[in-house]
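Have a look at my_file-v9.cif below; it lists mmCIF, C-alpha atoms.
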```cif
data_data
#
loop_
_atom_site.label_atom_id
_atom_site.label_comp_id
_atom_site.auth_asym_id
_atom_site.auth_seq_id
_atom_site.Cartn_x
_atom_site.Cartn_y
_atom_site.Cartn_z
CA MET A 128 0.00 0.00 0.00
CA THR A 129 1.21 3.52 -0.82
CA ASP A 130 2.74 5.56 2.02
CA CYS A 131 -0.10 7.96 2.88
CA SER A 132 1.84 10.34 5.13
CA MET A 133 1.56 14.01 4.36
CA GLU A 134 5.31 14.63 4.68
CA GLY A 135 6.26 12.47 1.72
CA THR A 136 4.05 14.38 -0.70
CA ILE A 137 5.59 17.77 0.13
CA ASP A 138 9.22 16.58 0.03
CA SER A 139 11.09 19.35 -1.82
CA ALA A 140 13.39 16.78 -3.45
CA ARG A 141 10.58 15.12 -5.41
CA ARG A 142 10.42 15.66 -9.16
CA SER A 143 7.90 14.59 -11.77
CA TRP A 144 8.36 13.06 -15.19
CA VAL A 145 6.10 15.91 -16.39
CA ASP A 146 8.90 18.35 -17.25
CA THR A 147 6.86 21.54 -16.87
CA ALA A 148 6.22 20.71 -13.22
CA ASN A 149 9.94 21.05 -12.42
CA ASP A 150 10.83 24.49 -13.82
CA GLY A 151 10.46 26.35 -10.52
CA MET A 152 7.87 28.66 -12.01
CA SER A 153 4.90 26.35 -12.39
CA ASP A 154 1.99 26.76 -9.99
CA PHE A 155 1.57 23.00 -10.05
CA PRO A 156 4.72 21.05 -9.14
CA ILE A 157 4.37 17.55 -7.74
CA GLN A 158 4.32 19.04 -4.21
CA ASN A 159 1.01 20.75 -5.02
CA LEU A 160 -1.33 18.34 -6.89
CA PRO A 161 -4.55 20.38 -6.63
CA TRP A 162 -7.94 18.84 -7.40
CA GLY A 163 -10.43 20.09 -9.98
CA VAL A 164 -13.14 18.98 -12.39
CA PHE A 165 -12.98 19.28 -16.18
CA ARG A 166 -15.51 18.55 -18.91
CA GLY A 167 -15.02 15.14 -20.49
CA SER A 168 -15.60 14.33 -24.13
CA ASP A 169 -19.10 13.17 -23.19
CA GLY A 170 -19.87 16.56 -21.65
CA VAL A 171 -19.83 15.21 -18.10
CA GLY A 172 -17.46 16.35 -15.37
CA ARG A 173 -14.34 14.29 -14.64
CA ILE A 174 -12.06 14.75 -11.64
CA GLY A 175 -8.54 15.85 -12.50
CA VAL A 176 -5.26 16.75 -10.81
CA ALA A 177 -3.02 19.53 -12.15
CA ILE A 178 0.67 18.77 -12.75
CA GLY A 179 2.73 21.35 -14.59
CA ASP A 180 0.79 22.33 -17.71
CA ARG A 181 -1.03 18.98 -17.82
CA VAL A 182 -4.06 17.46 -16.12
CA LEU A 183 -4.25 13.87 -14.92
CA ASP A 184 -7.57 12.24 -15.76
CA VAL A 185 -8.15 10.61 -12.39
CA ARG A 186 -11.09 8.47 -13.46
CA ALA A 187 -9.03 7.09 -16.34
CA ALA A 188 -6.22 6.33 -13.88
CA VAL A 189 -8.65 4.50 -11.59
CA GLU A 190 -10.05 2.49 -14.49
CA ALA A 191 -6.51 1.64 -15.61
CA GLN A 192 -5.85 0.37 -12.06
CA VAL A 193 -2.72 2.48 -11.60
CA LEU A 194 -3.86 4.30 -8.43
CA ASP A 195 -3.29 2.37 -5.21
CA VAL A 196 -6.30 3.59 -3.20
CA PRO A 197 -9.07 1.92 -1.16
CA PRO A 198 -12.16 0.86 -3.13
CA GLU A 199 -14.42 3.53 -1.62
CA THR A 200 -11.87 6.21 -2.52
CA ALA A 201 -11.59 4.88 -6.07
CA CYS A 202 -15.37 5.00 -6.41
CA SER A 203 -15.58 8.61 -5.27
CA LEU A 204 -12.85 9.63 -7.74
CA CYS A 205 -14.99 8.43 -10.63
CA ALA A 206 -17.79 10.88 -9.82
CA GLY A 207 -18.55 14.08 -11.73
CA THR A 208 -17.81 16.34 -8.75
CA LEU A 209 -15.50 16.21 -5.74
CA ASN A 210 -18.27 16.17 -3.11
CA ALA A 211 -18.19 12.44 -2.33
CA PHE A 212 -14.39 12.45 -2.13
CA MET A 213 -14.46 15.54 0.12
CA GLY A 214 -16.89 13.82 2.45
CA GLN A 215 -14.62 10.81 3.03
CA GLY A 216 -12.16 12.72 5.17
CA GLN A 217 -8.44 13.06 5.60
CA ALA A 218 -7.46 9.38 5.40
CA SER A 219 -9.04 9.09 1.95
CA TRP A 220 -7.63 12.47 0.82
CA ARG A 221 -4.11 11.48 1.80
CA ALA A 222 -4.36 8.03 0.25
CA ALA A 223 -5.41 9.54 -3.08
CA ARG A 224 -2.83 12.32 -2.92
CA ALA A 225 -0.03 9.85 -2.19
CA ALA A 226 -1.16 7.53 -4.98
CA VAL A 227 -1.28 10.38 -7.52
CA ALA A 228 2.17 11.56 -6.41
CA MET A 229 3.53 8.03 -6.83
CA LEU A 230 2.13 7.81 -10.35
CA LEU A 231 3.62 11.17 -11.39
CA ASP A 232 6.95 10.80 -9.56
CA GLY A 233 10.28 10.04 -11.20
CA GLU A 234 12.08 10.61 -14.50
CA SER A 235 10.44 7.95 -16.67
CA PRO A 236 6.92 8.62 -17.99
CA VAL A 237 4.24 6.32 -16.61
CA ARG A 238 1.01 6.17 -18.60
CA PRO A 239 1.34 9.64 -20.23
CA GLU A 240 -1.84 8.91 -22.19
CA LEU A 241 -3.74 9.60 -18.96
CA LEU A 242 -2.78 13.28 -19.13
CA HIS A 243 -4.41 16.13 -21.06
CA ASP A 244 -2.92 19.47 -22.05
CA MET A 245 -4.39 22.05 -19.67
CA SER A 246 -5.02 24.40 -22.58
CA ASP A 247 -7.23 21.81 -24.29
CA ILE A 248 -9.77 21.26 -21.53
CA GLU A 249 -12.66 23.23 -20.07
CA MET A 250 -12.67 23.56 -16.30
CA LEU A 251 -15.94 23.32 -14.36
CA LEU A 252 -16.89 24.14 -10.78
CA PRO A 253 -15.06 21.54 -8.68
CA ALA A 254 -18.04 20.72 -6.45
CA ALA A 255 -21.79 21.00 -6.24
CA ILE A 256 -21.77 23.83 -3.69
CA GLY A 257 -24.61 23.46 -1.21
CA ASP A 258 -24.18 26.57 0.92
CA TYR A 259 -21.94 29.62 0.73
CA THR A 260 -21.01 31.95 3.57
CA ASP A 261 -18.81 35.00 3.08
CA PHE A 262 -16.95 36.47 6.02
CA TYR A 263 -15.51 39.92 6.71
CA ALA A 264 -12.28 38.76 8.26
CA ALA A 265 -9.58 41.30 7.29
CA ARG A 266 -9.24 44.02 9.89
CA CYS A 267 -7.62 46.52 7.52
CA HIS A 268 -10.52 46.21 5.07
CA ALA A 269 -13.14 46.57 7.81
CA THR A 270 -11.26 49.56 9.22
CA ASN A 271 -10.97 51.30 5.84
CA VAL A 272 -14.64 50.80 5.05
CA GLY A 273 -15.62 51.95 8.53
CA ARG A 274 -13.59 55.14 8.16
CA MET A 275 -15.29 55.90 4.85
CA PHE A 276 -18.83 55.41 6.06
CA ARG A 277 -18.49 56.23 9.78
CA PRO A 278 -15.80 58.95 9.84
CA ASP A 279 -16.86 60.30 13.23
CA GLY A 280 -16.98 57.01 15.10
CA ASP A 281 -15.04 53.81 15.73
CA PRO A 282 -14.44 52.24 12.30
CA LEU A 283 -14.86 48.74 13.77
CA LEU A 284 -18.25 47.73 15.09
CA PRO A 285 -18.30 46.46 18.71
CA ASN A 286 -18.47 42.76 17.82
CA TYR A 287 -15.70 42.74 15.20
CA LEU A 288 -12.80 41.63 17.42
CA HIS A 289 -14.92 39.08 19.29
CA LEU A 290 -16.23 36.90 16.44
CA PRO A 291 -15.86 36.29 12.69
CA VAL A 292 -18.62 38.37 11.06
CA GLY A 293 -20.24 36.86 7.96
CA TYR A 294 -23.34 36.67 5.82
CA HIS A 295 -24.99 33.91 3.80
CA GLY A 296 -24.32 34.30 0.07
CA ARG A 297 -25.94 32.97 -3.07
CA VAL A 298 -24.74 29.62 -4.43
CA SER A 299 -26.53 29.83 -7.79
CA SER A 300 -24.33 32.70 -8.99
CA ILE A 301 -20.94 31.17 -8.13
CA VAL A 302 -19.09 30.64 -11.41
CA VAL A 303 -15.72 29.25 -12.43
CA SER A 304 -12.87 31.53 -13.49
CA GLY A 305 -13.16 32.77 -17.07
CA THR A 306 -16.92 33.24 -16.95
CA ASP A 307 -18.01 36.69 -18.15
CA ILE A 308 -19.65 38.95 -15.55
CA VAL A 309 -22.72 40.90 -16.66
CA ARG A 310 -23.08 44.30 -15.02
CA PRO A 311 -26.14 44.04 -12.75
CA HIS A 312 -29.13 46.30 -12.41
CA GLY A 313 -30.33 47.39 -9.00
CA GLN A 314 -32.17 49.95 -6.94
CA LEU A 315 -29.91 52.96 -6.48
CA LYS A 316 -30.39 56.02 -4.30
CA PRO A 317 -29.03 59.29 -5.74
CA GLU A 318 -27.87 61.87 -3.20
CA ASP A 319 -30.50 64.38 -4.38
CA GLY A 320 -33.56 62.35 -5.27
CA PRO A 321 -35.70 59.25 -4.77
CA PRO A 322 -34.52 55.69 -5.56
CA VAL A 323 -34.22 54.63 -9.20
CA PHE A 324 -33.82 51.25 -10.91
CA SER A 325 -30.71 51.37 -13.09
CA ALA A 326 -27.54 49.57 -14.13
CA CYS A 327 -24.91 49.49 -11.40
CA LYS A 328 -22.45 52.38 -11.74
CA LEU A 329 -20.05 51.42 -8.96
CA LEU A 330 -19.07 47.85 -9.86
CA ASP A 331 -16.21 46.47 -7.78
CA HIS A 332 -14.07 43.39 -7.28
CA GLU A 333 -13.10 41.85 -3.96
CA LEU A 334 -9.82 39.98 -3.57
CA GLU A 335 -10.69 36.95 -1.46
CA PHE A 336 -9.99 33.30 -0.84
CA ALA A 337 -12.45 30.56 -0.01
CA THR A 338 -12.22 27.14 1.57
CA PHE A 339 -14.25 24.04 0.75
CA VAL A 340 -15.65 22.10 3.69
CA GLY A 341 -14.73 18.44 3.67
CA THR A 342 -16.29 16.13 6.24
CA GLY A 343 -18.73 18.58 7.84
CA ASN A 344 -20.87 17.86 10.93
CA GLU A 345 -24.31 16.67 11.92
CA MET A 346 -27.00 19.16 12.92
CA GLY A 347 -26.80 19.93 16.63
CA THR A 348 -23.06 19.19 16.85
CA ARG A 349 -20.06 21.50 16.65
CA ILE A 350 -16.65 21.34 14.97
CA ALA A 351 -14.02 22.17 17.57
CA ILE A 352 -11.26 24.61 16.71
CA ALA A 353 -8.71 21.80 17.18
CA ASP A 354 -10.44 19.75 14.47
CA ALA A 355 -11.37 22.54 12.11
CA MET A 356 -8.36 22.49 9.77
CA ASP A 357 -8.66 18.72 9.36
CA SER A 358 -12.29 19.24 8.32
CA LEU A 359 -11.36 21.62 5.49
CA PHE A 360 -10.47 20.15 2.10
CA GLY A 361 -8.55 23.05 0.58
CA ILE A 362 -8.70 26.60 -0.75
CA VAL A 363 -9.42 28.49 -3.97
CA ILE A 364 -9.20 32.12 -5.07
CA LEU A 365 -12.50 33.99 -4.78
CA ASN A 366 -13.63 37.25 -6.38
CA ASP A 367 -16.86 38.36 -4.72
CA TRP A 368 -18.03 40.92 -7.29
CA SER A 369 -19.90 43.79 -5.61
CA ALA A 370 -22.34 46.50 -6.69
CA ARG A 371 -21.33 49.24 -4.29
CA ASP A 372 -24.14 51.67 -5.14
CA VAL A 373 -26.74 48.94 -4.65
CA GLN A 374 -25.00 47.92 -1.42
CA LYS A 375 -24.97 51.45 -0.01
CA TRP A 376 -28.76 51.76 -0.27
CA GLU A 377 -29.79 48.25 0.81
CA TYR A 378 -27.30 47.05 3.42
CA GLN A 379 -29.01 48.45 6.51
CA PRO A 380 -30.41 46.85 8.60
CA LEU A 381 -29.69 43.26 7.43
CA GLY A 382 -26.50 43.58 5.38
CA PRO A 383 -25.57 42.52 1.81
CA PHE A 384 -28.33 41.22 -0.47
CA ASN A 385 -28.69 42.06 -4.17
CA ALA A 386 -25.36 43.89 -4.14
CA LYS A 387 -23.63 40.53 -3.73
CA ASN A 388 -25.92 37.94 -5.31
CA PHE A 389 -25.24 38.43 -9.02
CA ALA A 390 -21.78 36.83 -9.36
CA SER A 391 -18.89 35.34 -7.40
CA SER A 392 -15.97 33.79 -9.30
CA ILE A 393 -13.66 31.06 -8.02
CA SER A 394 -10.47 29.56 -9.42
CA PRO A 395 -10.90 25.96 -10.68
CA TRP A 396 -8.12 24.21 -8.74
CA ILE A 397 -8.51 23.38 -5.04
CA VAL A 398 -5.13 23.45 -3.29
CA THR A 399 -5.31 21.05 -0.35
CA MET A 400 -4.42 21.78 3.25
CA ASP A 401 -1.67 19.15 3.02
CA ALA A 402 -0.07 20.98 0.09
CA LEU A 403 -0.27 24.19 2.15
CA ALA A 404 1.41 22.62 5.21
CA PRO A 405 4.81 24.31 4.62
CA PHE A 406 3.07 27.69 4.50
CA ARG A 407 1.05 27.48 7.72
CA VAL A 408 2.09 29.85 10.51
CA SER A 409 0.82 30.77 13.96
CA GLY A 410 -1.65 33.53 14.60
CA PRO A 411 -3.66 35.43 13.63
CA LYS A 412 -2.08 38.61 14.96
CA ARG A 413 -3.85 40.55 17.67
CA GLU A 414 -3.03 44.14 18.56
CA SER A 415 -2.26 45.50 22.00
CA GLY A 416 -5.53 46.21 23.75
CA ASP A 417 -7.58 43.77 21.68
CA PRO A 418 -10.00 41.65 23.71
CA GLU A 419 -9.08 38.04 24.32
CA VAL A 420 -11.03 35.65 22.14
CA LEU A 421 -13.32 33.13 23.78
CA ASP A 422 -11.98 29.61 24.31
CA TYR A 423 -13.92 28.03 21.44
CA LEU A 424 -12.12 30.38 19.01
CA LYS A 425 -8.59 30.16 20.45
CA PRO A 426 -6.18 28.66 17.87
CA VAL A 427 -4.43 25.47 18.99
CA THR A 428 -2.61 24.69 15.73
CA ASP A 429 -0.87 26.79 13.07
CA ASP A 430 -3.96 27.82 11.11
CA VAL A 431 -2.79 31.00 9.35
CA LEU A 432 -2.10 30.40 5.64
CA ASP A 433 0.69 32.56 4.23
CA VAL A 434 -0.63 32.75 0.67
CA GLN A 435 0.53 35.67 -1.47
CA CYS A 436 -1.89 37.24 -3.95
CA ALA A 437 -2.01 39.95 -6.60
CA VAL A 438 -4.74 41.68 -8.59
CA HIS A 439 -4.31 42.86 -12.20
CA LEU A 440 -6.64 44.96 -14.35
CA SER A 441 -6.67 45.36 -18.11
CA SER A 442 -9.10 47.41 -20.17
CA ALA A 443 -10.41 46.26 -23.54
CA THR A 444 -8.16 48.87 -25.17
CA MET A 445 -5.10 47.60 -23.33
CA ARG A 446 -5.76 44.04 -24.46
CA ALA A 447 -6.39 45.10 -28.04
CA ASN A 448 -3.06 46.94 -28.12
CA GLY A 449 -1.07 44.24 -26.35
CA VAL A 450 -0.50 46.39 -23.25
CA GLU A 451 0.40 44.44 -20.12
CA ALA A 452 -2.22 44.39 -17.36
CA LEU A 453 -1.75 46.84 -14.50
CA GLN A 454 -1.13 45.42 -11.02
CA LEU A 455 -3.64 47.04 -8.71
CA SER A 456 -2.61 45.45 -5.44
CA GLN A 457 -0.65 42.69 -3.75
CA GLY A 458 -1.39 41.14 -0.39
CA THR A 459 -1.40 38.02 1.71
CA LEU A 460 -4.02 35.77 3.22
CA ALA A 461 -1.97 36.02 6.43
CA ASP A 462 -3.44 39.51 6.95
CA LEU A 463 -6.76 38.00 8.02
CA THR A 464 -7.88 38.74 11.57
CA TRP A 465 -9.82 35.46 11.65
CA THR A 466 -8.63 32.17 10.15
CA PHE A 467 -10.68 29.65 8.20
CA SER A 468 -10.56 27.31 11.19
CA GLN A 469 -12.03 30.03 13.42
CA MET A 470 -14.70 30.73 10.80
CA LEU A 471 -15.68 27.07 10.70
CA ALA A 472 -15.66 26.68 14.48
CA HIS A 473 -17.85 29.78 14.87
CA HIS A 474 -20.19 28.85 12.02
CA THR A 475 -20.90 25.46 13.59
CA SER A 476 -20.94 26.73 17.19
CA THR A 477 -24.75 26.85 17.11
CA GLY A 478 -24.97 23.30 15.78
CA CYS A 479 -25.34 24.51 12.20
CA PRO A 480 -24.63 21.52 9.92
CA MET A 481 -21.92 21.84 7.26
CA ARG A 482 -21.81 19.50 4.27
CA PRO A 483 -19.06 18.37 1.90
CA GLY A 484 -18.63 21.05 -0.75
CA ASP A 485 -19.95 23.98 1.30
CA LEU A 486 -17.91 27.14 0.68
CA LEU A 487 -16.59 29.69 3.19
CA GLY A 488 -15.24 32.99 1.84
CA SER A 489 -12.63 35.07 3.66
CA GLY A 490 -13.92 38.54 2.90
CA THR A 491 -11.75 41.12 1.17
CA ILE A 492 -8.03 40.67 1.79
CA SER A 493 -6.48 44.06 2.61
CA GLY A 494 -3.23 44.95 4.31
CA PRO A 495 -1.94 48.07 6.07
CA GLN A 496 -0.36 49.59 2.93
CA LYS A 497 -2.36 51.23 0.15
CA SER A 498 -0.75 48.80 -2.29
CA ALA A 499 -2.38 45.93 -0.37
CA ARG A 500 -5.97 47.15 -0.59
CA GLY A 501 -8.16 44.44 -2.06
CA CYS A 502 -10.97 46.31 -3.84
CA MET A 503 -11.58 49.45 -5.88
CA LEU A 504 -13.64 50.96 -3.06
CA GLU A 505 -10.45 51.11 -1.00
CA LEU A 506 -7.95 51.66 -3.81
CA SER A 507 -9.82 54.72 -5.12
CA TRP A 508 -10.99 55.62 -1.62
CA ARG A 509 -14.66 55.70 -2.57
CA GLY A 510 -13.84 57.26 -5.94
CA THR A 511 -11.86 60.25 -4.66
CA GLU A 512 -8.45 58.88 -5.73
CA PRO A 513 -8.87 57.35 -9.22
CA VAL A 514 -6.45 54.69 -10.45
CA GLU A 515 -4.63 55.62 -13.67
CA LEU A 516 -4.36 52.94 -16.38
CA PRO A 517 -1.61 52.65 -19.03
CA ASP A 518 -4.13 53.44 -21.81
CA GLY A 519 -4.63 56.95 -20.43
CA THR A 520 -7.97 56.27 -18.76
CA GLU A 521 -8.68 56.15 -15.04
CA ARG A 522 -10.81 53.96 -12.81
CA LYS A 523 -12.83 54.79 -9.75
CA PHE A 524 -14.71 51.52 -10.20
CA LEU A 525 -14.81 48.87 -12.94
CA LEU A 526 -16.02 49.68 -16.46
CA ASP A 527 -17.46 47.45 -19.17
CA GLY A 528 -14.72 45.54 -20.98
CA ASP A 529 -12.40 45.50 -17.95
CA GLU A 530 -10.77 42.17 -17.14
CA LEU A 531 -9.94 41.56 -13.50
CA THR A 532 -7.47 38.74 -12.72
CA ILE A 533 -6.36 37.47 -9.31
CA THR A 534 -3.33 35.21 -8.94
CA ALA A 535 -1.99 33.53 -5.81
CA TRP A 536 1.08 31.56 -4.76
CA CYS A 537 3.07 30.35 -1.73
CA GLU A 538 6.80 30.62 -1.09
CA SER A 539 8.81 29.66 1.99
CA PRO A 540 12.47 28.76 2.70
CA GLY A 541 13.05 25.05 2.20
CA ALA A 542 9.76 24.51 0.39
CA ILE A 543 8.91 24.29 -3.29
CA ARG A 544 6.87 27.22 -4.57
CA ILE A 545 3.25 26.31 -5.34
CA GLY A 546 0.39 28.34 -6.80
CA LEU A 547 -3.37 28.45 -6.96
CA GLY A 548 -3.56 29.44 -10.61
CA SER A 549 -5.78 32.42 -11.41
CA CYS A 550 -9.33 33.71 -11.15
CA SER A 551 -10.52 36.09 -13.86
CA GLY A 552 -13.60 37.62 -15.41
CA ILE A 553 -14.44 40.25 -18.00
CA ILE A 554 -17.21 42.80 -17.35
CA GLN A 555 -19.97 42.76 -19.94
CA PRO A 556 -22.56 45.55 -20.36
CA ALA A 557 -25.82 45.44 -18.46
CA VAL A 558 -28.74 43.86 -20.34
#
```
Output the file's structure as structure tokens, nothing else.
Amino acid sequence: MTDCSMEGTIDSARRSWVDTANDGMSDFPIQNLPWGVFRGSDGVGRIGVAIGDRVLDVRAAVEAQVLDVPPETACSLCAGTLNAFMGQGQASWRAARAAVAMLLDGESPVRPELLHDMSDIEMLLPAAIGDYTDFYAARCHATNVGRMFRPDGDPLLPNYLHLPVGYHGRVSSIVVSGTDIVRPHGQLKPEDGPPVFSACKLLDHELEFATFVGTGNEMGTRIAIADAMDSLFGIVILNDWSARDVQKWEYQPLGPFNAKNFASSISPWIVTMDALAPFRVSGPKRESGDPEVLDYLKPVTDDVLDVQCAVHLSSATMRANGVEALQLSQGTLADLTWTFSQMLAHHTSTGCPMRPGDLLGSGTISGPQKSARGCMLELSWRGTEPVELPDGTERKFLLDGDELTITAWCESPGAIRIGLGSCSGIIQPAV
């Protein structure tokens, strides 16, 4: 039976017979092996694993009997989504990861016919997402927004440092990277008149990450903070597109609604918690004078993920003229005030049941520097400081034809660099 320890799969000395996985620049070396779903020739989803610029057809590998995994794991890997596999838990995840690494390890090609060129396949959503909750977990973002809208008071609301604040989002509008985003309509409130129904004028992106729940919990039970990371399958990039003018008018008293329900994009490859092990650190940071968190939210393992991220914007004119996209910001997931494990522990603290494939978003990732602000609302400071583009235009918020791309990667001494790929979308006119 294959060695299913986590340590062996992240060994920095391992190399793959897929050459592009070994160049030091690929997001997907053998130490990563993220999971995704692509469209098969029959139109149905097939589970795949990214390696370099190729994708392993996992179902084909199971049918060829070249993956040394338990029968129940093999069965789940032949499904059209990752939900069943996610629900089997860490032992199954590690067995499959180790078996895939064994198949792709070494200098001599083993069954190369099981691989597809990444450029030749269409990626789908990796799971049938049952529920989606988006949090508000970056202190710098919450502080910036609070200063804009409550300049005379405390920018942080009284509960912010005591619990991870979140809201329930809309699953039906979560789309995979590369899907066009249609500018939404909504009810807007001009400063000098009654509400009107019109196309959104203040369309924004939000640089986020999200985690997929793995094993979940039964209704009436809780997931303890000590067990939370082991209950999470992995992470993706998330762009929670936002209609700021709709949001401004509707958000009180119950928070985001139509301003957030029209589109959320995620990257197609789920990077597992085992692959992220070399990039886990202690925390999150608390400032002097912050209240102590309650026991059920106190971290007991290294749950902070040091994942670097960057946002790039290109206008239609820039793309037509071959002008390189402009980097808007760069940040790190480590800037979160609340970790994914704390989010999960808090979410289930009431006995709320979580199911395999449920999605938890981080909220906008923003750091202390202006260059680390994760949305146009902050970058342009509510439109008062427009961003200049290389084509001579400026942006307070996103315009039709703009393409927004988020990339993410992890680097640490002694570890092989891994990436999450990218999450992108082009804004199309309102209809």
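In this structure, CA of Asp154 in chain A sits 9.7 Å away from CA of Ser549 in chain A.
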Residue neighbourhood Pro513 in chain A, 6 Å, all atoms listed in the file, exclusion window fewer than 4 positions, as JSON, numbers by chain: {"A": [507, 521, 522, 523]}
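In this comparison, which uses all atoms listed in the file, the residue of A:Asp429, A:Asp485, A:Asp518, A:Asp401 approaching Arg446 in chain A most closely is A:Asp518.
Residues in contact with His243 in chain A at up to 10 Å, not including ones fewer than 6 positions away on its chain and judged by only C-alpha atoms, are Gly175, Ala177, Asp180, Arg181, Val182, Leu183 and Asp184 of chain A.
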Expand the PyMOL selection byres ((chain A and resi 259) around 12) into the explicit residue set it covers here, and present it as a tab-separated table (two decimals) with C-alpha atoms, in the coordinates of the input.
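The resulting file, part.tsv, is shown below:
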```
chain	number	residue	atom	x	y	z
A	255	ALA	CA	-21.79	21.00	-6.24
A	256	ILE	CA	-21.77	23.83	-3.69
A	257	GLY	CA	-24.61	23.46	-1.21
A	258	ASP	CA	-24.18	26.57	0.92
A	260	THR	CA	-21.01	31.95	3.57
A	261	ASP	CA	-18.81	35.00	3.08
A	262	PHE	CA	-16.95	36.47	6.02
A	293	GLY	CA	-20.24	36.86	7.96
A	294	TYR	CA	-23.34	36.67	5.82
A	295	HIS	CA	-24.99	33.91	3.80
A	296	GLY	CA	-24.32	34.30	0.07
A	297	ARG	CA	-25.94	32.97	-3.07
A	298	VAL	CA	-24.74	29.62	-4.43
A	299	SER	CA	-26.53	29.83	-7.79
A	300	SER	CA	-24.33	32.70	-8.99
A	301	ILE	CA	-20.94	31.17	-8.13
A	337	ALA	CA	-12.45	30.56	-0.01
A	338	THR	CA	-12.22	27.14	1.57
A	339	PHE	CA	-14.25	24.04	0.75
A	340	VAL	CA	-15.65	22.10	3.69
A	365	LEU	CA	-12.50	33.99	-4.78
A	367	ASP	CA	-16.86	38.36	-4.72
A	387	LYS	CA	-23.63	40.53	-3.73
A	388	ASN	CA	-25.92	37.94	-5.31
A	391	SER	CA	-18.89	35.34	-7.40
A	474	HIS	CA	-20.19	28.85	12.02
A	481	MET	CA	-21.92	21.84	7.26
A	482	ARG	CA	-21.81	19.50	4.27
A	483	PRO	CA	-19.06	18.37	1.90
A	484	GLY	CA	-18.63	21.05	-0.75
A	485	ASP	CA	-19.95	23.98	1.30
A	486	LEU	CA	-17.91	27.14	0.68
A	487	LEU	CA	-16.59	29.69	3.19
A	488	GLY	CA	-15.24	32.99	1.84
A	489	SER	CA	-12.63	35.07	3.66
```
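For the pair CA of Leu330 in chain A and CA of Ser369 in chain A, the separation is 5.9 Å.
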Test item: which residues lie within 12 Å of (-26.0, 52.8, -15.1) counting only C-alpha atoms, as a PyMOL selection string: chain A and resi 310-315+317+323-330+370+372-373+526-527+556-558
Could you please take those selected residues and save C-alpha atoms as a PDB file, in the frame of the given file?
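The resulting file, out.pdb, is reproduced below:
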```pdb
ATOM      1  CA  ARG A 310     -23.080  44.300 -15.020  1.00  0.00           C
ATOM      2  CA  PRO A 311     -26.140  44.040 -12.750  1.00  0.00           C
ATOM      3  CA  HIS A 312     -29.130  46.300 -12.410  1.00  0.00           C
ATOM      4  CA  GLY A 313     -30.330  47.390  -9.000  1.00  0.00           C
ATOM      5  CA  GLN A 314     -32.170  49.950  -6.940  1.00  0.00           C
ATOM      6  CA  LEU A 315     -29.910  52.960  -6.480  1.00  0.00           C
ATOM      7  CA  PRO A 317     -29.030  59.290  -5.740  1.00  0.00           C
ATOM      8  CA  VAL A 323     -34.220  54.630  -9.200  1.00  0.00           C
ATOM      9  CA  PHE A 324     -33.820  51.250 -10.910  1.00  0.00           C
ATOM     10  CA  SER A 325     -30.710  51.370 -13.090  1.00  0.00           C
ATOM     11  CA  ALA A 326     -27.540  49.570 -14.130  1.00  0.00           C
ATOM     12  CA  CYS A 327     -24.910  49.490 -11.400  1.00  0.00           C
ATOM     13  CA  LYS A 328     -22.450  52.380 -11.740  1.00  0.00           C
ATOM     14  CA  LEU A 329     -20.050  51.420  -8.960  1.00  0.00           C
ATOM     15  CA  LEU A 330     -19.070  47.850  -9.860  1.00  0.00           C
ATOM     16  CA  ALA A 370     -22.340  46.500  -6.690  1.00  0.00           C
ATOM     17  CA  ASP A 372     -24.140  51.670  -5.140  1.00  0.00           C
ATOM     18  CA  VAL A 373     -26.740  48.940  -4.650  1.00  0.00           C
ATOM     19  CA  LEU A 526     -16.020  49.680 -16.460  1.00  0.00           C
ATOM     20  CA  ASP A 527     -17.460  47.450 -19.170  1.00  0.00           C
ATOM     21  CA  PRO A 556     -22.560  45.550 -20.360  1.00  0.00           C
ATOM     22  CA  ALA A 557     -25.820  45.440 -18.460  1.00  0.00           C
ATOM     23  CA  VAL A 558     -28.740  43.860 -20.340  1.00  0.00           C
TER      24      VAL A 558
END
```
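If you measure from each of A:Gly490, A:Gly449, A:Gly305, A:Pro156 to Pro291 in chain A using all atoms listed in the file, the closest one turns out to be A:Gly490.
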The PyMOL selection byres ((chain A and resi 364) around 12) applied to the shown file, residues as a PyMOL selection string: chain A and resi 302-304+333-339+361-363+365-367+391-398+434-438+459-460+486-492+532-536+546-551
Spatial sel., origin (-18.5, 45.5, 11.5), limit 6 Å, all atoms listed in the file, listed as JSON, numbers by chain: {"A": [283, 284, 287]}
Hits from the PyMOL selection byres ((chain A and resi 188) around 12), listed as number ranges by chain: A: 173-176, 182-187, 189-196, 201-202, 204-205, 223, 226-227, 230-231, 237-242
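Among the candidates A:Ser153, A:Asp331, A:Tyr263, A:Leu432, the one nearest to Ala386 in chain A when counting only C-alpha atoms is A:Asp331.
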For Thr475 in chain A, the nearest of the candidates A:Ser358, A:Ser139, A:Ser168, A:Thr511, counting all atoms listed in the file: A:Ser358
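CA of Arg500 in chain A sits 23.9 Å away from CA of Glu377 in chain A.
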